[in-house]
>>> print(open('target19.pdb').read())   # PDB, C-alpha atoms and all ligand atoms
ATOM      1  CA  MET A1037      31.628-102.855  63.456
ATOM      2  CA  ASP A1038      33.438-103.230  60.182
ATOM      3  CA  ASN A1039      35.803-100.235  60.359
ATOM      4  CA  ASN A1040      38.724 -99.377  62.656
ATOM      5  CA  ASP A1041      37.796 -95.803  63.134
ATOM      6  CA  ASN A1042      36.917 -95.251  66.810
ATOM      7  CA  GLU A1043      35.541 -91.739  66.367
ATOM      8  CA  TRP A1044      32.142 -91.360  67.978
ATOM      9  CA  PHE A1045      30.544 -89.793  64.946
ATOM     10  CA  ASP A1046      31.501 -92.731  62.736
ATOM     11  CA  ASP A1047      29.911 -95.109  65.178
ATOM     12  CA  TYR A1048      26.897 -92.872  65.294
ATOM     13  CA  PHE A1049      26.525 -92.498  61.554
ATOM     14  CA  GLU A1050      27.224 -96.107  60.757
ATOM     15  CA  GLU A1051      25.463 -97.925  63.538
ATOM     16  CA  ASN A1052      22.476 -98.534  61.248
ATOM     17  CA  ASP A1053      24.711 -99.587  58.332
ATOM     18  CA  GLU A1054      26.953-102.239  59.880
ATOM     19  CA  GLN A1055      27.077-104.531  56.814
ATOM     20  CA  ALA A1056      28.175-101.796  54.380
ATOM     21  CA  GLN A1057      31.765-101.819  53.085
ATOM     22  CA  PRO A1058      33.957 -98.670  53.118
ATOM     23  CA  SER A1059      33.909 -96.954  49.698
ATOM     24  CA  PRO A1060      35.397 -93.698  48.217
ATOM     25  CA  GLN A1061      31.892 -92.154  48.265
ATOM     26  CA  LYS A1062      31.546 -92.996  51.904
ATOM     27  CA  THR A1063      34.971 -91.407  52.711
ATOM     28  CA  THR A1064      33.887 -88.189  50.954
ATOM     29  CA  THR A1065      30.637 -88.202  52.879
ATOM     30  CA  ARG A1066      32.597 -88.698  56.082
ATOM     31  CA  HIS A1067      34.796 -85.667  55.286
ATOM     32  CA  ILE A1068      31.689 -83.550  54.617
ATOM     33  CA  ARG A1069      30.273 -84.707  57.960
ATOM     34  CA  TRP A1070      33.597 -83.801  59.633
ATOM     35  CA  GLY A1071      33.410 -80.323  58.150
ATOM     36  CA  ALA A1072      29.782 -79.846  59.207
ATOM     37  CA  VAL A1073      30.563 -80.857  62.759
ATOM     38  CA  ALA A1074      33.584 -78.518  62.849
ATOM     39  CA  ILE A1075      31.464 -75.548  61.646
ATOM     40  CA  LEU A1076      28.782 -76.426  64.206
ATOM     41  CA  VAL A1077      31.386 -76.476  66.989
ATOM     42  CA  ILE A1078      32.790 -73.098  65.849
ATOM     43  CA  ILE A1079      29.277 -71.579  65.796
ATOM     44  CA  ILE A1080      28.582 -72.906  69.309
ATOM     45  CA  LEU A1081      31.920 -71.511  70.521
ATOM     46  CA  LEU A1082      31.111 -68.129  68.949
ATOM     47  CA  ILE A1083      27.683 -68.085  70.636
ATOM     48  CA  ILE A1084      29.273 -68.936  74.009
ATOM     49  CA  LEU A1085      31.830 -66.173  73.475
ATOM     50  CA  LEU A1086      29.077 -63.696  72.548
ATOM     51  CA  ILE A1087      27.029 -64.569  75.658
ATOM     52  CA  PHE A1088      30.157 -64.182  77.776
ATOM     53  CA  LEU A1089      30.905 -60.756  76.285
ATOM     54  CA  ILE A1090      27.300 -59.535  76.740
ATOM     55  CA  ASN A1091      27.337 -60.601  80.401
ATOM     56  CA  ALA A1092      30.728 -59.026  80.967
ATOM     57  CA  PHE A1093      29.720 -55.619  79.582
ATOM     58  CA  LYS A1094      26.041 -55.604  80.609
ATOM     59  CA  ASP A1095      26.655 -53.616  83.846
ATOM     60  CA  ASP A1096      28.878 -51.103  82.047
ATOM     61  CA  ILE A1097      26.219 -50.481  79.384
ATOM     62  CA  LYS A1098      23.527 -50.057  82.049
ATOM     63  CA  GLU A1099      25.711 -47.602  83.988
ATOM     64  CA  ASP A1100      26.239 -45.543  80.835
ATOM     65  CA  ILE A1101      22.476 -45.335  80.229
ATOM     66  CA  ASP A1102      21.866 -44.330  83.859
ATOM     67  CA  LYS A1103      24.537 -41.642  83.753
ATOM     68  CA  LYS A1104      23.581 -40.138  80.428
ATOM     69  CA  PRO A1105      20.415 -38.067  81.172
ATOM     70  CA  PRO A1106      21.861 -35.905  84.011
ATOM     71  CA  LYS A1107      24.978 -35.288  81.883
ATOM     72  CA  ASP A1108      23.237 -34.339  78.669
ATOM     73  CA  ILE A1109      19.881 -32.754  79.683
ATOM     74  CA  PRO A1110      20.263 -28.972  80.112
ATOM     75  CA  ALA A1111      19.240 -27.427  83.455
ATOM     76  CA  GLY A1112      16.028 -25.963  82.011
ATOM     77  CA  VAL A1113      14.805 -29.275  80.677
ATOM     78  CA  GLN A1114      15.646 -30.966  83.984
ATOM     79  CA  THR A1115      13.607 -28.394  85.919
ATOM     80  CA  SER A1116      10.576 -29.004  83.781
ATOM     81  CA  VAL A1117      10.967 -32.744  84.293
ATOM     82  CA  THR A1118      11.189 -32.223  88.073
ATOM     83  CA  THR A1119       8.114 -29.979  88.253
ATOM     84  CA  ALA A1120       6.006 -32.236  86.027
ATOM     85  CA  PRO A1121       3.280 -33.912  88.127
ATOM     86  CA  PRO A1122       4.252 -37.407  89.240
ATOM     87  CA  THR A1123       2.373 -40.408  87.902
ATOM     88  CA  THR A1124       0.606 -40.905  91.244
ATOM     89  CA  ASP A1125      -0.925 -37.424  90.971
ATOM     90  CA  VAL A1126      -2.278 -38.243  87.531
ATOM     91  CA  THR A1127      -3.856 -41.379  88.976
ATOM     92  CA  ASP A1128      -5.331 -39.355  91.843
ATOM     93  CA  THR A1129      -6.835 -36.822  89.435
ATOM     94  CA  ALA A1130      -8.327 -39.628  87.394
ATOM     95  CA  THR A1131      -9.803 -41.165  90.548
ATOM     96  CA  THR A1132     -11.184 -37.781  91.630
ATOM     97  CA  THR A1133     -12.814 -37.269  88.255
ATOM     98  CA  ALA A1134     -14.438 -40.670  88.494
ATOM     99  CA  GLU A1135     -15.525 -40.391  92.135
ATOM    100  CA  PRO A1136     -15.747 -36.798  93.493
ATOM    101  CA  GLU A1137     -14.415 -36.534  97.027
ATOM    102  CA  PRO A1138     -16.881 -35.322  99.673
ATOM    103  CA  PRO A1139     -16.246 -31.731 100.835
ATOM    104  CA  LYS A1140     -13.683 -31.415 103.600
ATOM    105  CA  PRO A1141     -15.430 -31.273 106.992
ATOM    106  CA  LEU A1142     -15.003 -27.911 108.695
ATOM    107  CA  TYR A1143     -15.004 -29.471 112.137
ATOM    108  CA  PRO A1144     -12.520 -32.315 112.078
ATOM    109  CA  VAL A1145     -12.681 -33.027 115.805
ATOM    110  CA  GLU A1146     -15.371 -33.844 118.311
ATOM    111  CA  THR A1147     -15.915 -30.642 120.267
ATOM    112  CA  ASP A1148     -15.739 -31.033 124.020
ATOM    113  CA  ILE A1149     -17.049 -27.821 125.597
ATOM    114  CA  GLU A1150     -16.001 -27.334 129.188
ATOM    115  CA  VAL A1151     -16.916 -24.322 131.377
ATOM    116  CA  ILE A1152     -14.644 -23.860 134.395
ATOM    117  CA  ASP A1153     -15.610 -20.989 136.759
ATOM    118  CA  GLY A1154     -17.332 -19.156 133.907
ATOM    119  CA  VAL A1155     -14.415 -19.614 131.469
ATOM    120  CA  THR A1156     -15.175 -21.667 128.355
ATOM    121  CA  TYR A1157     -12.709 -24.137 126.885
ATOM    122  CA  ILE A1158     -13.328 -26.187 123.737
ATOM    123  CA  ASN A1159     -10.940 -29.125 123.478
ATOM    124  CA  GLY A1160      -8.750 -27.285 125.961
ATOM    125  CA  ILE A1161      -8.673 -24.073 123.893
ATOM    126  CA  LEU A1162      -9.900 -20.959 125.692
ATOM    127  CA  ILE A1163     -12.806 -19.471 123.731
ATOM    128  CA  VAL A1164     -13.790 -15.837 123.832
ATOM    129  CA  ASN A1165     -16.208 -14.206 121.388
ATOM    130  CA  LYS A1166     -19.614 -12.513 121.491
ATOM    131  CA  THR A1167     -21.299 -15.733 122.645
ATOM    132  CA  TYR A1168     -18.627 -16.837 125.134
ATOM    133  CA  GLY A1169     -17.477 -14.213 127.630
ATOM    134  CA  LEU A1170     -14.977 -14.064 130.476
ATOM    135  CA  PRO A1171     -15.776 -13.266 134.105
ATOM    136  CA  GLU A1172     -14.670  -9.928 135.483
ATOM    137  CA  TRP A1173     -12.196 -11.541 137.888
ATOM    138  CA  PHE A1174     -10.357 -13.369 135.088
ATOM    139  CA  ASP A1175      -6.880 -11.811 134.986
ATOM    140  CA  PRO A1176      -4.284 -14.290 133.696
ATOM    141  CA  GLY A1177      -1.724 -11.842 132.274
ATOM    142  CA  VAL A1178       0.238 -12.600 129.127
ATOM    143  CA  ASP A1179       0.490 -16.337 128.437
ATOM    144  CA  PRO A1180       4.203 -17.250 128.568
ATOM    145  CA  VAL A1181       3.925 -19.905 125.834
ATOM    146  CA  ALA A1182       2.119 -17.520 123.463
ATOM    147  CA  GLN A1183       4.671 -14.785 124.255
ATOM    148  CA  ALA A1184       7.597 -17.133 123.491
ATOM    149  CA  LYS A1185       6.027 -18.271 120.204
ATOM    150  CA  LEU A1186       5.346 -14.656 119.267
ATOM    151  CA  GLU A1187       9.002 -13.741 119.795
ATOM    152  CA  GLU A1188      10.064 -16.786 117.781
ATOM    153  CA  MET A1189       7.774 -15.599 114.961
ATOM    154  CA  TYR A1190       9.166 -12.059 115.101
ATOM    155  CA  ALA A1191      12.705 -13.444 114.852
ATOM    156  CA  ALA A1192      11.757 -15.540 111.802
ATOM    157  CA  ALA A1193      10.139 -12.488 110.204
ATOM    158  CA  ALA A1194      13.305 -10.461 110.829
ATOM    159  CA  ASP A1195      15.314 -13.180 109.031
ATOM    160  CA  ASP A1196      13.030 -12.576 106.027
ATOM    161  CA  GLY A1197      13.567  -8.803 106.257
ATOM    162  CA  ILE A1198      10.138  -8.200 107.831
ATOM    163  CA  THR A1199       9.895  -6.102 110.993
ATOM    164  CA  LEU A1200       7.056  -7.058 113.335
ATOM    165  CA  TRP A1201       6.302  -5.712 116.799
ATOM    166  CA  THR A1202       3.479  -5.765 119.298
ATOM    167  CA  ALA A1203       1.214  -2.730 119.300
ATOM    168  CA  SER A1204      -1.199  -4.132 121.874
ATOM    169  CA  GLY A1205      -1.205  -7.312 123.932
ATOM    170  CA  TYR A1206      -2.849  -8.166 127.214
ATOM    171  CA  ARG A1207      -5.725  -6.096 128.597
ATOM    172  CA  THR A1208      -7.638  -6.519 131.825
ATOM    173  CA  TYR A1209     -11.439  -6.558 131.941
ATOM    174  CA  GLU A1210     -11.368  -2.975 133.242
ATOM    175  CA  GLU A1211      -8.979  -1.783 130.510
ATOM    176  CA  GLN A1212     -11.253  -3.322 127.881
ATOM    177  CA  ARG A1213     -14.312  -1.654 129.466
ATOM    178  CA  ILE A1214     -12.685   1.778 129.254
ATOM    179  CA  LEU A1215     -11.533   1.198 125.656
ATOM    180  CA  TYR A1216     -14.946  -0.012 124.494
ATOM    181  CA  GLU A1217     -16.791   2.855 126.194
ATOM    182  CA  ASP A1218     -14.417   5.354 124.586
ATOM    183  CA  TYR A1219     -15.120   3.922 121.101
ATOM    184  CA  ALA A1220     -18.868   3.833 121.811
ATOM    185  CA  ALA A1221     -18.784   7.473 122.929
ATOM    186  CA  VAL A1222     -17.329   8.467 119.552
ATOM    187  CA  ASP A1223     -19.030   6.062 117.077
ATOM    188  CA  GLY A1224     -22.034   4.820 119.048
ATOM    189  CA  TYR A1225     -22.483   1.314 120.521
ATOM    190  CA  GLU A1226     -23.683  -0.313 117.307
ATOM    191  CA  ALA A1227     -20.597   0.747 115.349
ATOM    192  CA  ALA A1228     -18.261   0.058 118.278
ATOM    193  CA  ASP A1229     -19.579  -3.521 118.450
ATOM    194  CA  THR A1230     -18.239  -4.241 114.944
ATOM    195  CA  TYR A1231     -14.616  -3.501 115.849
ATOM    196  CA  SER A1232     -14.343  -3.458 119.629
ATOM    197  CA  ALA A1233     -15.417  -6.129 122.074
ATOM    198  CA  ARG A1234     -17.508  -5.437 125.100
ATOM    199  CA  PRO A1235     -15.689  -6.025 128.415
ATOM    200  CA  GLY A1236     -15.445  -9.744 129.107
ATOM    201  CA  HIS A1237     -15.596 -10.514 125.372
ATOM    202  CA  SER A1238     -12.202  -9.334 124.168
ATOM    203  CA  GLU A1239      -9.553 -11.856 123.195
ATOM    204  CA  HIS A1240      -6.983  -9.427 124.577
ATOM    205  CA  GLU A1241      -8.244 -10.432 128.023
ATOM    206  CA  THR A1242      -7.010 -13.991 127.446
ATOM    207  CA  GLY A1243      -3.290 -13.145 127.291
ATOM    208  CA  LEU A1244      -3.153 -15.228 124.099
ATOM    209  CA  THR A1245      -3.763 -12.386 121.638
ATOM    210  CA  PHE A1246      -1.594  -9.659 120.136
ATOM    211  CA  ASP A1247      -2.141  -6.768 117.744
ATOM    212  CA  VAL A1248       0.866  -6.668 115.424
ATOM    213  CA  ASN A1249       2.394  -3.402 114.144
ATOM    214  CA  ASP A1250      -0.461  -1.108 113.122
ATOM    215  CA  PRO A1251      -3.923  -2.060 114.418
ATOM    216  CA  SER A1252      -5.804  -0.369 111.578
ATOM    217  CA  SER A1253      -6.850  -1.158 108.005
ATOM    218  CA  THR A1254      -3.695   0.605 106.712
ATOM    219  CA  PHE A1255      -1.842  -2.581 107.757
ATOM    220  CA  ASP A1256      -3.944  -4.671 105.300
ATOM    221  CA  GLY A1257      -1.998  -5.981 102.318
ATOM    222  CA  THR A1258       1.380  -4.664 103.483
ATOM    223  CA  PRO A1259       4.382  -7.002 103.135
ATOM    224  CA  GLU A1260       4.257  -7.349 106.940
ATOM    225  CA  ALA A1261       0.552  -8.311 106.891
ATOM    226  CA  GLN A1262       1.172 -10.789 104.075
ATOM    227  CA  TRP A1263       4.101 -12.379 105.923
ATOM    228  CA  LEU A1264       2.001 -12.606 109.092
ATOM    229  CA  GLU A1265      -0.873 -14.339 107.304
ATOM    230  CA  GLN A1266       1.457 -16.776 105.523
ATOM    231  CA  HIS A1267       3.554 -17.751 108.545
ATOM    232  CA  CYS A1268       1.578 -17.176 111.757
ATOM    233  CA  ALA A1269       0.219 -20.746 111.816
ATOM    234  CA  GLU A1270       3.785 -22.116 111.907
ATOM    235  CA  TYR A1271       3.999 -20.551 115.376
ATOM    236  CA  GLY A1272       0.499 -21.545 116.486
ATOM    237  CA  PHE A1273      -1.254 -18.259 115.672
ATOM    238  CA  ILE A1274      -4.317 -17.545 113.544
ATOM    239  CA  ILE A1275      -5.649 -14.355 111.996
ATOM    240  CA  ARG A1276      -8.593 -14.402 114.398
ATOM    241  CA  TYR A1277     -11.000 -12.241 112.362
ATOM    242  CA  PRO A1278     -10.427 -13.138 108.703
ATOM    243  CA  GLN A1279     -11.704 -11.269 105.669
ATOM    244  CA  GLY A1280     -15.126 -12.494 104.531
ATOM    245  CA  LYS A1281     -15.958 -14.099 107.897
ATOM    246  CA  GLU A1282     -17.343 -10.960 109.553
ATOM    247  CA  ASP A1283     -20.850 -12.444 109.844
ATOM    248  CA  ILE A1284     -19.470 -15.518 111.626
ATOM    249  CA  THR A1285     -16.862 -13.981 113.943
ATOM    250  CA  GLY A1286     -19.002 -10.906 114.588
ATOM    251  CA  PHE A1287     -16.015  -8.633 114.007
ATOM    252  CA  MET A1288     -14.560  -6.757 111.042
ATOM    253  CA  TYR A1289     -11.462  -8.087 109.283
ATOM    254  CA  GLU A1290      -8.370  -7.479 111.421
ATOM    255  CA  SER A1291      -5.190  -8.347 109.522
ATOM    256  CA  TRP A1292      -3.066  -7.404 112.569
ATOM    257  CA  HIS A1293      -4.890  -9.362 115.303
ATOM    258  CA  VAL A1294      -3.359 -12.802 115.953
ATOM    259  CA  ARG A1295      -4.542 -15.346 118.488
ATOM    260  CA  TYR A1296      -2.491 -18.264 119.825
ATOM    261  CA  VAL A1297      -4.326 -21.603 119.517
ATOM    262  CA  GLY A1298      -1.385 -23.991 119.033
ATOM    263  CA  GLU A1299       0.145 -25.212 115.809
ATOM    264  CA  GLU A1300      -2.272 -28.043 115.000
ATOM    265  CA  VAL A1301      -5.462 -25.982 115.117
ATOM    266  CA  ALA A1302      -3.745 -22.900 113.648
ATOM    267  CA  LYS A1303      -2.515 -24.816 110.604
ATOM    268  CA  PHE A1304      -5.928 -26.345 109.935
ATOM    269  CA  VAL A1305      -7.722 -23.010 110.319
ATOM    270  CA  MET A1306      -5.273 -21.026 108.178
ATOM    271  CA  GLU A1307      -4.820 -23.680 105.469
ATOM    272  CA  ASN A1308      -8.586 -24.020 105.054
ATOM    273  CA  GLY A1309      -9.306 -20.285 105.169
ATOM    274  CA  ILE A1310     -11.818 -20.644 107.978
ATOM    275  CA  CYS A1311     -12.333 -18.903 111.318
ATOM    276  CA  LEU A1312     -12.252 -20.431 114.794
ATOM    277  CA  GLU A1313     -16.076 -20.369 114.990
ATOM    278  CA  GLU A1314     -16.278 -22.523 111.853
ATOM    279  CA  TYR A1315     -13.592 -24.869 113.157
ATOM    280  CA  PHE A1316     -15.487 -25.560 116.371
ATOM    281  CA  GLY A1317     -18.976 -25.045 114.930
ATOM    282  CA  ILE A1318     -19.886 -22.296 117.393
ATOM    283  CA  THR A1319     -21.651 -18.930 117.163
ATOM    284  CA  SER A1320     -20.482 -15.437 118.047
ATOM    285  CA  VAL A1321     -23.543 -13.386 118.994
ATOM    286  CA  TYR A1322     -24.204 -11.240 122.090
ATOM    287  CA  SER A1323     -27.139 -12.461 124.122
ATOM    288  CA  GLU A1324     -30.147 -10.140 124.500
ATOM    289  CA  ASN A1325     -29.366  -9.106 128.078
ATOM    290  CA  GLU A1326     -25.764  -8.001 127.559
TER     291      GLU A1326
HETATM  292 ZN    ZN B   1      -6.739  -7.025 118.680
END
>>> encode(input="target19.pdb", output="structure tokens", more="lines below")
Ligand SMILES: [Zn+2]
Amino acid sequence: MDNNDNEWFDDYFEENDEQAQPSPQKTTTRHIRWGAVAILVIIILLIILLIFLINAFKDDIKEDIDKKPPKDIPAGVQTSVTTAPPTTDVTDTATTTAEPEPPKPLYPVETDIEVIDGVTYINGILIVNKTYGLPEWFDPGVDPVAQAKLEEMYAAAADDGITLWTASGYRTYEEQRILYEDYAAVDGYEAADTYSARPGHSEHETGLTFDVNDPSSTFDGTPEAQWLEQHCAEYGFIIRYPQGKEDITGFMYESWHVRYVGEEVAKFVMENGICLEEYFGITSVYSENE
């Protein structure tokens, strides 16, 4: 080393020029190098400062962005954003378009038909229609669970400003026989069979069935009938003889006639617009000798 300067950059710049003598040109060059290094250091310091500032305020900036939409978007716009279909739904629709889903099965469960002393149960649910009758001795009275659920439903209806009451509930075999014969005497047996069950074939003999308010077609379409159809399944009831299912149930549409089957079955039946015969895959036809 031929100079007394101990600065690292001099050593660095001159290590390949050890024999050269100091000169005015070289001093100038050294000053320029000094300046360049100083500017470089300032730039590096500025970059470090900038990075520090960005990190320090990053969370604040993010918070501002997160807060902004609820503050600035008017209620109307927000509602439309909320009701817009989510992305998953769009994906589902796309999938459906590509691969059509098979039609929903009407009978989602294996049906286990059990006949105990002439009384038919399918998956534990008592079945009465034109095919499945009840013996004359069968006299269970009103089912306490169905009665409790009915009262719960009436209370919920009252909360919605709808008044529901029971026009007709449990009937014995004998009471049904008298009723049916009376109808048949007026309208004839063929007509009576469309709206009244023969003794042993009425759901009213199960203690699980109730006629609500007005058991006639004047009840159809009333606010009470609409409420009943919309909410009965929540309490385990179904509209037992739905509109358009007359050929399957064997009975005319009865908007007032509800049957307790339990919430699970009731919800499936009502949500799918089917009748109990479709749900279990059973018929409702009187046999020849009845
Ligand atoms: Zn009825």
>>> atom_distance(input="target19.pdb", atom1="atom CA of Arg1069 of chain A", atom2="atom CA of Ile1083 of chain A")
21.1 Å
>>> resolve_selection(input="target19.pdb", expression="the PyMOL selection byres (((chain A and resi 1199-1210) around 8) and not hetatm)", output="PyMOL selection string")
chain A and resi 1172-1175+1177-1178+1190+1193-1194+1197-1198+1211-1214+1235-1236+1240-1251+1260
>>> axis_aligned_box(input="target19.pdb", around="segment 1281-1291 of chain A", padding_each_side="4 Å", output="lines of an AutoDock Vina configuration file")
center_x = -13.0
center_y = -11.1
center_z = 111.2
size_x = 23.7
size_y = 16.8
size_z = 14.7
>>> closest_residue(input="target19.pdb", among="A:Trp1263, A:Phe1304, A:Phe1316, A:Tyr1231", to="ligand ZN 1 (chain B)", atoms="only C-alpha atoms and all ligand atoms")
A:Tyr1231
>>> closest_residue(input="target19.pdb", among="A:Pro1136, A:Gly1298, A:Pro1171, A:Gly1309", to="Asn1159 of chain A", atoms="only C-alpha atoms")
A:Gly1298
>>> closest_residue(input="target19.pdb", among="A:Asp1283, A:His1237, A:Met1288, A:Ile1087", to="Thr1167 of chain A", atoms="all atoms listed in the file")
A:His1237
>>> residues_near_point(input="target19.pdb", point="(4.8, -26.6, 112.3)", cutoff="12 Å", atoms="only C-alpha atoms", output="list of chain:residue names")
A:Lys1185, A:Met1189, A:His1267, A:Cys1268, A:Ala1269, A:Glu1270, A:Tyr1271, A:Gly1272, A:Phe1273, A:Gly1298, A:Glu1299, A:Glu1300, A:Val1301, A:Ala1302, A:Lys1303, A:Phe1304
>>> closest_residue(input="target19.pdb", among="A:Ile1161, A:Val1294, A:Ile1079, A:Leu1312", to="ligand ZN 1 (chain B)", atoms="only C-alpha atoms and all ligand atoms")
A:Val1294
>>> closest_residue(input="target19.pdb", among="A:Asp1196, A:Val1155, A:Val1077, A:Ser1291", to="ligand ZN 1 (chain B)", atoms="only C-alpha atoms and all ligand atoms")
A:Ser1291
>>> closest_residue(input="target19.pdb", among="A:Tyr1289, A:Tyr1322, A:Tyr1219, A:Tyr1315", to="ligand ZN 1 (chain B)", atoms="only C-alpha atoms and all ligand atoms")
A:Tyr1289
>>> residues_around(input="target19.pdb", residues="Val1151 of chain A", least_positions_apart="2", cutoff="12 Å", atoms="only C-alpha atoms", output="compact mmCIF listing (two decimals) with C-alpha atoms, in the coordinates of the input")
# COMPACT_ATOMS: atom_id res chain seq x y z
CA ASP A 1148 -15.74 -31.03 124.02
CA ILE A 1149 -17.05 -27.82 125.60
CA ASP A 1153 -15.61 -20.99 136.76
CA GLY A 1154 -17.33 -19.16 133.91
CA VAL A 1155 -14.42 -19.61 131.47
CA THR A 1156 -15.18 -21.67 128.35
CA TYR A 1157 -12.71 -24.14 126.88
CA ILE A 1158 -13.33 -26.19 123.74
CA ASN A 1159 -10.94 -29.12 123.48
CA GLY A 1160 -8.75 -27.28 125.96
CA ILE A 1161 -8.67 -24.07 123.89
CA LEU A 1162 -9.90 -20.96 125.69
CA ILE A 1163 -12.81 -19.47 123.73
CA VAL A 1164 -13.79 -15.84 123.83
CA TYR A 1168 -18.63 -16.84 125.13
CA GLY A 1169 -17.48 -14.21 127.63
CA LEU A 1170 -14.98 -14.06 130.48
CA PRO A 1171 -15.78 -13.27 134.10
>>> atom_distance(input="target19.pdb", atom1="atom CA of Tyr1296 of chain A", atom2="atom CA of Ile1310 of chain A")
15.3 Å
>>> decode(input="target19.pdb", residues="segment 1206-1224 of chain A", atoms="N, CA and C atoms", output="compact mmCIF listing (two decimals), in the first residue's frame")
# COMPACT_ATOMS: atom_id res chain seq x y z
N TYR A 1206 -111.55 -36.92 16.70
CA TYR A 1206 -111.65 -38.38 16.76
C TYR A 1206 -113.08 -38.87 16.54
N ARG A 1207 -113.19 -39.96 15.79
CA ARG A 1207 -114.47 -40.66 15.61
C ARG A 1207 -114.26 -42.14 15.82
N THR A 1208 -115.24 -42.78 16.42
CA THR A 1208 -115.18 -44.25 16.54
C THR A 1208 -115.63 -44.87 15.22
N TYR A 1209 -115.41 -46.17 15.11
CA TYR A 1209 -115.85 -46.93 13.93
C TYR A 1209 -117.36 -46.72 13.73
N GLU A 1210 -118.11 -46.82 14.82
CA GLU A 1210 -119.57 -46.69 14.76
C GLU A 1210 -119.99 -45.28 14.33
N GLU A 1211 -119.32 -44.28 14.87
CA GLU A 1211 -119.63 -42.89 14.48
C GLU A 1211 -119.37 -42.66 13.00
N GLN A 1212 -118.28 -43.26 12.51
CA GLN A 1212 -117.96 -43.13 11.08
C GLN A 1212 -119.00 -43.85 10.22
N ARG A 1213 -119.47 -45.01 10.71
CA ARG A 1213 -120.48 -45.78 9.96
C ARG A 1213 -121.76 -44.96 9.78
N ILE A 1214 -122.19 -44.34 10.87
CA ILE A 1214 -123.41 -43.52 10.83
C ILE A 1214 -123.23 -42.32 9.88
N LEU A 1215 -122.09 -41.66 9.99
CA LEU A 1215 -121.80 -40.49 9.14
C LEU A 1215 -121.81 -40.87 7.66
N TYR A 1216 -121.09 -41.95 7.34
CA TYR A 1216 -120.99 -42.40 5.95
C TYR A 1216 -122.36 -42.79 5.39
N GLU A 1217 -123.13 -43.52 6.17
CA GLU A 1217 -124.46 -43.95 5.73
C GLU A 1217 -125.38 -42.75 5.50
N ASP A 1218 -125.24 -41.74 6.35
CA ASP A 1218 -126.04 -40.52 6.18
C ASP A 1218 -125.72 -39.83 4.85
N TYR A 1219 -124.41 -39.71 4.56
CA TYR A 1219 -123.98 -39.09 3.28
C TYR A 1219 -124.49 -39.91 2.10
N ALA A 1220 -124.34 -41.24 2.22
CA ALA A 1220 -124.74 -42.14 1.13
C ALA A 1220 -126.25 -42.06 0.88
N ALA A 1221 -127.01 -41.88 1.95
CA ALA A 1221 -128.46 -41.76 1.83
C ALA A 1221 -128.84 -40.52 1.03
N VAL A 1222 -128.07 -39.47 1.16
CA VAL A 1222 -128.36 -38.21 0.45
C VAL A 1222 -127.79 -38.24 -0.96
N ASP A 1223 -126.48 -38.55 -1.11
CA ASP A 1223 -125.79 -38.42 -2.40
C ASP A 1223 -125.59 -39.75 -3.14
N GLY A 1224 -125.90 -40.85 -2.50
CA GLY A 1224 -125.61 -42.16 -3.10
C GLY A 1224 -124.21 -42.61 -2.68
